Amino acid sequence: MKCALITGGSRGIGRAICIRMAAMGYYVLVNYKSNVAEANTTLALIKENGGNGELMPFDVADKEQIKLLGNWIEANGDKYIEVLVNNAGIRDDSLMAWMAEDQWDNVLKTNLDSFFYVTRLVLNSMLTRKYGRIINIVSLSGLKGLAGQTNYSAAKAGVIGATKALAQEIARQGITVNALAPGFIKTDMTEGLDEKELKMMIPARRFGLPEEVASAAAFFASPEAAYITGQVLSVNGGLYS
Ligand code: NAP
């Protein structure tokens, strides 16, 4: 059975990607940290649309908890993770002068370290089967840097570098590694922001929808995108700088 693992699939962009992957025929592994009610809603939406999947809670910032994914892979030899979407992420903004150590550590662990610890567990079976799709959700902040987000910008820029490096390591094995860089997308993460004011900076004059990021993820996940790897695709309504 072909599976798609989406980290942070309980809400926002991750949920929209889960639903889209289910529509592509994947058995969806819905990862989340703690919000079991929202994760169950994602699973229910997958099933309502004729798909299937299961919940897979673990904290992507905790390499001990990520071992649960390794255990699942060992115990489920009949299932194969063909698509991995590293989507789980947090932001914890502060000007650098006032940034606490745990603000730096938590954002780096959740957004950057998780890429390494989760992806390496999934990589082996992709290499064996000579096929796979790895999609990393980064951010406009990782491309241009954003004041108040040295931690988040560093983490996302780090994932962009890793995307380009890993893409070169495994292109010959039929595995693509790409990144999506959303601008402002309507989710819990952007809830406190002043959309009325911020949208004036966005050429499309609106925030994006999670489904619009999911459409781009579906393209990278498709067999048709086989010759595209190491790329960063912006989904930002034209907002560049
Ligand atoms: P969101 O609505 O806040 O949802 C975050 C998701 O990540 C939830 O499913 C949450 O699980 C999960 N998560 C957080 N920490 C986790 C951890 N340690 N382990 C496992 N799961 C964890 O966020 P979003 O806006 O959809 O963002 C998704 C991704 O897009 C993030 O990487 C974010 O940086 C990126 N992004 C978002 C925007 C935007 O405008 N929204 C822009 C650029 C980039 P629980 O429900 O259990 O908490």
# chains A, B, ... in the order shown; residues from 1 in each chain; ligands from 1
>>> residues_around(residues="Leu29 of chain A", least_positions_apart="6", cutoff="12 Å", atoms="only C-alpha atoms", output="ChimeraX atom specification")
/A:1-10,14-15,17-19,21-22,39-40,42-43,46,51-58,69,72-73,79-85
>>> write_last_selection(atoms="N, CA and C atoms", output="short mmCIF file (atom, residue, chain, number, x, y, z; two decimals), in the first residue's frame")
data_model
loop_
_atom_site.label_atom_id
_atom_site.label_comp_id
_atom_site.auth_asym_id
_atom_site.auth_seq_id
_atom_site.Cartn_x
_atom_site.Cartn_y
_atom_site.Cartn_z
N MET A 1 0.84 -1.20 0.00
CA MET A 1 0.00 0.00 0.00
C MET A 1 0.87 1.25 0.00
N LYS A 2 0.58 2.17 -0.89
CA LYS A 2 1.37 3.39 -0.99
C LYS A 2 0.84 4.45 -0.03
N CYS A 3 1.76 5.01 0.75
CA CYS A 3 1.35 5.97 1.78
C CYS A 3 1.97 7.34 1.53
N ALA A 4 1.29 8.35 2.06
CA ALA A 4 1.85 9.71 2.11
C ALA A 4 1.86 10.11 3.58
N LEU A 5 3.03 10.48 4.07
CA LEU A 5 3.15 10.97 5.46
C LEU A 5 3.22 12.49 5.44
N ILE A 6 2.28 13.11 6.14
CA ILE A 6 2.27 14.57 6.21
C ILE A 6 2.47 14.95 7.68
N THR A 7 3.61 15.59 7.98
CA THR A 7 3.79 16.04 9.36
C THR A 7 2.95 17.31 9.56
N GLY A 8 2.41 17.44 10.77
CA GLY A 8 1.54 18.58 11.03
C GLY A 8 0.30 18.54 10.16
N GLY A 9 -0.32 17.36 10.08
CA GLY A 9 -1.48 17.19 9.20
C GLY A 9 -2.81 17.50 9.87
N SER A 10 -2.77 17.88 11.13
CA SER A 10 -4.04 18.07 11.85
C SER A 10 -4.74 19.37 11.51
N GLY A 14 -1.20 21.59 6.34
CA GLY A 14 -1.02 20.13 6.43
C GLY A 14 -2.31 19.38 6.19
N ARG A 15 -3.41 19.88 6.78
CA ARG A 15 -4.71 19.22 6.57
C ARG A 15 -5.09 19.24 5.09
N ILE A 17 -3.18 19.39 2.56
CA ILE A 17 -2.31 18.47 1.82
C ILE A 17 -2.75 17.02 2.05
N CYS A 18 -3.13 16.70 3.29
CA CYS A 18 -3.62 15.34 3.58
C CYS A 18 -4.81 14.99 2.67
N ILE A 19 -5.75 15.93 2.59
CA ILE A 19 -6.96 15.67 1.79
C ILE A 19 -6.59 15.50 0.32
N MET A 21 -3.65 14.50 -0.90
CA MET A 21 -2.91 13.24 -1.11
C MET A 21 -3.89 12.06 -1.12
N ALA A 22 -4.91 12.13 -0.29
CA ALA A 22 -5.92 11.06 -0.28
C ALA A 22 -6.63 11.01 -1.63
N ALA A 39 -6.87 16.47 14.47
CA ALA A 39 -6.33 15.37 13.66
C ALA A 39 -7.45 14.42 13.25
N ASN A 40 -8.37 14.16 14.19
CA ASN A 40 -9.51 13.29 13.86
C ASN A 40 -10.39 13.92 12.80
N THR A 42 -9.31 15.87 10.40
CA THR A 42 -8.61 15.64 9.12
C THR A 42 -8.90 14.23 8.61
N LEU A 43 -8.80 13.26 9.51
CA LEU A 43 -9.02 11.87 9.08
C LEU A 43 -10.47 11.67 8.61
N ILE A 46 -10.80 13.02 5.16
CA ILE A 46 -10.19 12.10 4.20
C ILE A 46 -11.19 10.98 3.87
N GLY A 51 -11.28 8.46 0.82
CA GLY A 51 -9.89 8.05 1.07
C GLY A 51 -9.75 7.28 2.36
N ASN A 52 -8.51 6.99 2.72
CA ASN A 52 -8.26 6.29 3.98
C ASN A 52 -6.90 6.69 4.54
N GLY A 53 -6.71 6.40 5.81
CA GLY A 53 -5.44 6.75 6.45
C GLY A 53 -5.49 6.45 7.92
N GLU A 54 -4.51 6.94 8.64
CA GLU A 54 -4.49 6.75 10.09
C GLU A 54 -3.73 7.90 10.75
N LEU A 55 -3.98 8.05 12.04
CA LEU A 55 -3.29 9.10 12.79
C LEU A 55 -1.92 8.59 13.24
N MET A 56 -0.95 9.47 13.24
CA MET A 56 0.39 9.10 13.68
C MET A 56 1.00 10.22 14.52
N PRO A 57 0.57 10.31 15.79
CA PRO A 57 1.09 11.40 16.61
C PRO A 57 2.54 11.20 17.02
N PHE A 58 3.34 12.19 16.82
CA PHE A 58 4.65 12.27 17.46
C PHE A 58 5.14 13.71 17.31
N LEU A 69 7.97 6.59 14.48
CA LEU A 69 7.82 6.44 13.02
C LEU A 69 8.66 5.25 12.53
N TRP A 72 6.85 2.15 13.37
CA TRP A 72 5.71 1.94 12.47
C TRP A 72 6.21 1.36 11.14
N ILE A 73 7.30 1.90 10.63
CA ILE A 73 7.83 1.42 9.34
C ILE A 73 8.22 -0.05 9.46
N LYS A 79 3.22 -1.66 3.90
CA LYS A 79 2.95 -0.25 3.54
C LYS A 79 4.28 0.44 3.24
N TYR A 80 4.22 1.38 2.30
CA TYR A 80 5.44 2.05 1.87
C TYR A 80 5.19 3.55 1.73
N ILE A 81 6.00 4.34 2.41
CA ILE A 81 5.82 5.80 2.34
C ILE A 81 6.49 6.32 1.07
N GLU A 82 5.64 6.65 0.10
CA GLU A 82 6.13 7.09 -1.20
C GLU A 82 6.26 8.62 -1.24
N VAL A 83 5.40 9.28 -0.46
CA VAL A 83 5.43 10.75 -0.40
C VAL A 83 5.61 11.19 1.05
N LEU A 84 6.60 12.04 1.27
CA LEU A 84 6.79 12.64 2.60
C LEU A 84 6.66 14.15 2.46
N VAL A 85 5.77 14.72 3.24
CA VAL A 85 5.65 16.18 3.26
C VAL A 85 6.06 16.66 4.65
#
>>> residues_around(residues="segment 197-214 of chain A", least_positions_apart="6", cutoff="6 Å", atoms="only C-alpha atoms", output="MDAnalysis selection string")
chainID A and resid 13 16:17 184:186 237:239
>>> write_last_selection(atoms="N, CA and C atoms", output="PDB file, in the first residue's frame")
ATOM      1  N   ILE A  13      -2.332  24.122   6.523  1.00  0.00           N
ATOM      2  CA  ILE A  13      -1.779  23.672   5.242  1.00  0.00           C
ATOM      3  C   ILE A  13      -1.641  22.143   5.233  1.00  0.00           C
ATOM      4  N   ALA A  16      -4.926  20.399   4.459  1.00  0.00           N
ATOM      5  CA  ALA A  16      -5.296  20.511   3.036  1.00  0.00           C
ATOM      6  C   ALA A  16      -4.444  19.548   2.197  1.00  0.00           C
ATOM      7  N   ILE A  17      -3.183  19.394   2.564  1.00  0.00           N
ATOM      8  CA  ILE A  17      -2.311  18.472   1.815  1.00  0.00           C
ATOM      9  C   ILE A  17      -2.749  17.020   2.055  1.00  0.00           C
ATOM     10  N   PHE A 184       1.701  34.590   2.834  1.00  0.00           N
ATOM     11  CA  PHE A 184       0.710  34.616   3.914  1.00  0.00           C
ATOM     12  C   PHE A 184      -0.457  33.704   3.539  1.00  0.00           C
ATOM     13  N   ILE A 185      -0.668  32.661   4.330  1.00  0.00           N
ATOM     14  CA  ILE A 185      -1.751  31.710   4.084  1.00  0.00           C
ATOM     15  C   ILE A 185      -2.689  31.726   5.295  1.00  0.00           C
ATOM     16  N   LYS A 186      -3.988  31.685   5.026  1.00  0.00           N
ATOM     17  CA  LYS A 186      -4.983  31.752   6.114  1.00  0.00           C
ATOM     18  C   LYS A 186      -4.995  30.462   6.921  1.00  0.00           C
ATOM     19  N   GLY A 237       1.188  34.795  -3.949  1.00  0.00           N
ATOM     20  CA  GLY A 237       0.397  35.879  -4.546  1.00  0.00           C
ATOM     21  C   GLY A 237       1.238  36.999  -5.142  1.00  0.00           C
ATOM     22  N   GLY A 238       2.486  36.667  -5.461  1.00  0.00           N
ATOM     23  CA  GLY A 238       3.355  37.658  -6.111  1.00  0.00           C
ATOM     24  C   GLY A 238       4.211  38.470  -5.147  1.00  0.00           C
ATOM     25  N   LEU A 239       4.166  38.138  -3.858  1.00  0.00           N
ATOM     26  CA  LEU A 239       4.903  38.893  -2.825  1.00  0.00           C
ATOM     27  C   LEU A 239       6.352  38.418  -2.761  1.00  0.00           C
TER      28      LEU A 239
END
>>> closest_residue(among="A:Ser215, A:Asn87, A:Gln173, A:Asn76", to="Asn31 of chain A", atoms="only C-alpha atoms")
A:Asn87
>>> closest_residue(among="A:Lys144, A:Arg20, A:Lys33, A:Lys63", to="ligand 1", atoms="only C-alpha atoms and all ligand atoms")
A:Lys33
>>> residues_around(residues="Leu112 of chain A", least_positions_apart="6", cutoff="9 Å", atoms="only C-alpha atoms", output="PyMOL selection string")
chain A and resi 61+89+154-159
